[in-house]
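Below you'll find the structure, written out as structure tokens, and then a few comments.
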2 protein chains.
Amino acid sequence: MKRRTHVLEPTGDEMRRMIAAATERIVAHIESLPAQRASDLEGADALARSVAEPLPREGAPLEPLLDRLFGELVPKSLNTAGPGYFAYIPGGGIFHAAVADLIADTVNRYIGIWAAAPGLVQIESDAVRWLCEIVGYGADAFGIMTSGGSIANLTAVITAREDRIRAGILPRRFFDGVVYTSDQAHHSVAKAAALAGVPASGVRAIESDGAQRVRLDVLERRIAEDRAAGLAPFLIVANAGTTNTGAVDDLAALAAIAARESLWLHADAAYGGFFALTEEGGRLLAGLPLADSITLDPHKGLCLPYGTGCLLVKHRDTLRRAHHADAAYLPAMAEGDEQINFSEISPELTRAFRGLRVWLPLKLHGIGPFCDHLEEKLALARLAAAELRAIPGVEVVADPQLSILAFCLAAGGRAPEDADRLNRRFLERINARGRVYLSPTILSDRFVLRIALLSFRTHEERLRQGLEDIRAAAAETLADE
Amino acid sequence: MKRRTHVLEPTGDEMRRMIAAATERIVAHIESLPAQRASDLEGADALARSVAEPLPREGAPLEPLLDRLFGELVPKSLNTAGPGYFAYIPGGGIFHAAVADLIADTVNRYIGIWAAAPGLVQIESDAVRWLCEIVGYGADAFGIMTSGGSIANLTAVITAREDRIRAGILPRRFFDGVVYTSDQAHHSVAKAAALAGVPASGVRAIESDGAQRVRLDVLERRIAEDRAAGLAPFLIVANAGTTNTGAVDDLAALAAIAARESLWLHADAAYGGFFALTEEGGRLLAGLPLADSITLDPHKGLCLPYGTGCLLVKHRDTLRRAHHADAAYLPAMAEGDEQINFSEISPELTRAFRGLRVWLPLKLHGIGPFCDHLEEKLALARLAAAELRAIPGVEVVADPQLSILAFCLAAGGRAPEDADRLNRRFLERINARGRVYLSPTILSDRFVLRIALLSFRTHEERLRQGLEDIRAAAAETLADE
């Protein structure tokens, strides 16, 4: 039989042509980002459905596929890579990380075990240590790169569960275990607890204060009540920058409570953690290294493309104890600090070489430009709050603690449902202008708008355009009343 | 303050130069793969340690970093991307997938929710459906792309746990739940159970038969015993191609047992599943669609770079029920078949756009070349077994069911520990020649060698070189005795 496997290994010239075809479109796409709409979903559903097809029997040429991707499918989306994306948590996508992935994909070495590729495992270890350095962790800390914050939080809950079982704080039959977080926690925290087997009845969303920080008095009372009821508190999940408003819990106070109560303290710093690199953020996040574990998302604060999260732990052995396993077909693994086997300290065995996309940008630029980027976002958020206050009818509902703030059209004498309706129209009007894209949230039962500034492509000019659009939309929305 | 953020967004020309610099080295690297050693770890540890450094304050130019990577760090490794890598489960790394990642990284859209990028979510949905088609699943099936088989298996255990709780088979307090697999299962199965909260005492590694397939009689007896002891059997994990020897359990029989006993049947087909595309594999894997869930690793059988696994489920709602969550800051999500929200049916919220690296190669080539590649590997494994039998002193311990086989130097009259020592030297001698790299395993308490054929770069010529080296090493090793 004549086999067609040769097409799986293109020639050098074919590889160069494929890369050139992709690169031209990528460069054009990136260069046009400032001129692109911040969101464009018109006709997107029908377009998407036109892509559906069964498993292809025959091949198709590259260039038309690329044209379809870049010309139609990519643009019809929320422009998460653009400078006007102020919604949810803006993404990154620096080009240098994409170059790193191109290399990682093509050399395709196995980095789950030191002995399989020591130099590359060391690169990923370096990247992990740099992240430890950024949050202020000491020499005993270490961590793992994950696919994002959700798996990091899941791994944190599992690691906490196993550690507290080992310490005798939590019974091996852990169903009476209780996890504490705030009503502002990212939903991946409750989801992580559920996936880890903690019943929904064992997750406490403690109420937050006026600045969206967990209420310590309520937390302490609830722990005492749960203990009195025969339950087994074992984990506090602190917010180090909530998704809603960027609120930072009182980390030092939570660490004191956790220590007194023998609870694991996990800090979800997926969004906020990298602000430890800034002057102001550094003060706010000074308590971060007191946590037993920390989730960071380099694909947020460090401007990387989606797909790079990280879980750091204060004591490296806690990860190993929760994840270690043996198998006959695996090589004997050396223990010790010098020879890291990521597969032994994480839930994953075979996975991508994520470390290179963290390592290469930091090697190319040093940490300086990333610090500047984060300082810039803090300054822009303060600017936004000040400017919003000057817009008639607008109320700032949550001042920025980091780079997120919330605002709305003040209710005036309106009933709550009328105020919400008003603000929905306000949001639609802002987004319809296409220069910025904002997302809403619910704060104290009110529908409010958020501005989240985190894209490395967002600078003062785009923020000011957004503020202009907000000012105009406010006037129009109020005039319609 | 002068900010240095401009370096985070290179100009078009800078992007082109970076890509060109990387591409030249990548092409040279790939073109030289056939001439590279199958493993080269001499001095690798010291080299690796020389990379360790604190968080860089200053940047460094790209080209020297690339030279260090390609010239030193990558080569000092197990050459998992090379044609002579017959160890563990060989990796893929087709270039087309790397092009897909380059695009996904740079356009950096969010594909966790349909409404954020419908066309791209549809691309990933297509890719998932194609995988369903390959294993023979029907229209109600669906799935998720994962970072690899471990997270897929973990998600399978959690989904099974939640589904069986919902069905009233497993108590909400699932501590007495029991998972059944064979003594040949990949260690990620036991690890997944542990991470999902099933105690180690609740995992049964049922003994396998002479062909490394789970013994059905022992399984049934064990289930009855566990029930009699008041435990709650809820999950069978079948092997559809073991890592050790490629053994395929009797899937139809296991499905019958699972149905009779109301257990979830998960098939770990991470390595073996794609052989459903071949004539012989199709027969062996005919029972695969009877499983409630299936783990596939496109980074194995589909030749992709590391980092693409997948979990398929027979009934899509089972994934949703195990993973659904709400949050105030998330948009209202449409339900239904047409608008997939991957974040609702998987443990991950924000993660990489993995679908494109599956979709693009299949669009470019159609499924044909991948079928041919897998047929070729089956044929090579049969050839290897026949040729090994002709080598004096060599015993084939496990004939290939798919593309893995196991062999050793026959013990003759030697004590077991002497036979093991002999085979360790045999393995070292083969690998020292550098044309192929084999890994060992333990079968029936004996140290044996494996040949695993799965790289798209492995063709008959390289296998014959490996067999020459095996023949020579056998003669030398026996002559030394």
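In the structure tokens, chains take letters A, B, ... by order of appearance, with residues numbered from 1 within each chain and ligands from 1 in the order shown.
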Using only C-alpha atoms, which protein or nucleic acid residues come within 8 Å of Gly91 of chain A? Drop anything in the same chain fewer than 5 positions from it, and give the result as a ChimeraX atom specification. /A:80-81,299-300,303-306,454-455 /B:108
Would you kindly report the residues of chain B within 6 Å of chain A, using only C-alpha atoms, as an mmCIF file with C-alpha atoms, in the first residue's frame?
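Full text of part.cif as output:
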data_model
loop_
_atom_site.group_PDB
_atom_site.id
_atom_site.type_symbol
_atom_site.label_atom_id
_atom_site.label_comp_id
_atom_site.auth_asym_id
_atom_site.auth_seq_id
_atom_site.Cartn_x
_atom_site.Cartn_y
_atom_site.Cartn_z
ATOM 1 C CA ARG B 3 7.205 53.592 30.585
ATOM 2 C CA ARG B 4 8.910 50.740 28.792
ATOM 3 C CA THR B 5 5.700 48.997 27.761
ATOM 4 C CA GLY B 12 5.570 44.145 12.215
ATOM 5 C CA VAL B 27 13.658 23.896 10.241
ATOM 6 C CA ASP B 45 22.526 17.941 34.470
ATOM 7 C CA ALA B 48 20.781 22.492 33.082
ATOM 8 C CA ALA B 52 19.312 28.696 36.890
ATOM 9 C CA LEU B 55 14.255 36.937 37.938
ATOM 10 C CA PRO B 56 15.932 38.941 35.155
ATOM 11 C CA ARG B 57 16.069 42.689 35.722
ATOM 12 C CA GLU B 58 17.450 43.413 32.262
ATOM 13 C CA GLY B 59 16.533 42.050 28.875
ATOM 14 C CA ALA B 60 18.705 39.968 26.570
ATOM 15 C CA LEU B 73 19.417 22.742 25.948
ATOM 16 C CA SER B 77 17.427 15.272 26.241
ATOM 17 C CA LEU B 78 15.505 12.196 25.307
ATOM 18 C CA THR B 80 10.998 12.403 22.023
ATOM 19 C CA ALA B 81 10.451 14.028 18.628
ATOM 20 C CA GLY B 93 4.757 17.244 16.963
ATOM 21 C CA ALA B 98 2.536 24.468 15.713
ATOM 22 C CA LEU B 102 1.025 30.409 16.625
ATOM 23 C CA ASP B 105 -1.654 32.549 20.682
ATOM 24 C CA THR B 106 -1.531 35.734 18.675
ATOM 25 C CA ASN B 108 -5.825 35.231 21.646
ATOM 26 C CA ARG B 109 -9.613 34.984 21.635
ATOM 27 C CA ALA B 116 -17.302 35.306 23.033
ATOM 28 C CA ALA B 117 -16.107 33.828 19.718
ATOM 29 C CA PRO B 118 -18.759 31.670 18.023
ATOM 30 C CA GLY B 119 -16.724 30.776 14.938
ATOM 31 C CA GLN B 122 -17.456 25.999 16.459
ATOM 32 C CA ASP B 126 -16.020 20.351 15.134
ATOM 33 C CA TRP B 130 -14.538 14.461 14.723
ATOM 34 C CA SER B 147 -4.119 19.378 28.494
ATOM 35 C CA GLY B 148 -3.534 15.632 28.283
ATOM 36 C CA SER B 150 -4.266 12.844 33.134
ATOM 37 C CA HIS B 187 -0.974 5.290 37.005
ATOM 38 C CA ALA B 196 -11.144 13.047 43.169
ATOM 39 C CA GLY B 197 -11.280 12.037 46.820
ATOM 40 C CA PRO B 305 2.605 18.265 20.019
ATOM 41 C CA TYR B 306 2.337 17.518 23.733
ATOM 42 C CA GLY B 307 -0.547 19.258 25.409
ATOM 43 C CA ALA B 327 -21.309 33.662 38.577
ATOM 44 C CA ALA B 328 -22.623 37.193 38.636
ATOM 45 C CA TYR B 329 -19.977 38.512 36.277
ATOM 46 C CA GLU B 348 -11.451 24.887 33.054
ATOM 47 C CA ARG B 351 -7.554 28.228 28.826
ATOM 48 C CA ALA B 352 -5.867 27.929 25.461
ATOM 49 C CA LYS B 363 -8.517 20.182 7.512
ATOM 50 C CA LEU B 364 -5.169 20.371 5.710
ATOM 51 C CA HIS B 365 -4.724 16.638 5.205
ATOM 52 C CA GLY B 366 -8.050 14.957 5.828
ATOM 53 C CA ILE B 367 -7.961 11.873 8.001
ATOM 54 C CA PRO B 369 -2.588 10.301 6.195
ATOM 55 C CA ASP B 372 -1.956 5.439 7.003
ATOM 56 C CA HIS B 373 0.412 6.455 9.783
ATOM 57 C CA THR B 441 8.850 -2.097 32.215
ATOM 58 C CA ILE B 442 8.015 -4.834 34.683
#
Using DSSP secondary structure from the backbone, list all strand (DSSP E or B) positions within segment 14-215 of chain B, as an MDAnalysis selection string.
chainID B and resid 39 78 85 142:146 177:182 203:206 208 214
Contacts of Ala386 of chain B at 12 Å (only C-alpha atoms; same-chain gap of 6+ positions) as an MDAnalysis selection string:
chainID B and resid 379:380 394:396 399:400 405 407 464 467
The distance between atom CA of Ile345 of chain A and atom CA of Ile294 of chain B is 25.0 Å
request  = Would you list the contacts of segment 250-258 of chain B as a ChimeraX atom specification, taking every protein, DNA or RNA residue within 10 Å and counting only C-alpha atoms, but skipping same-chain residues closer than 4 positions in sequence?
outcome  = /B:213-216,219-220,223,233-240,262-267,284-292
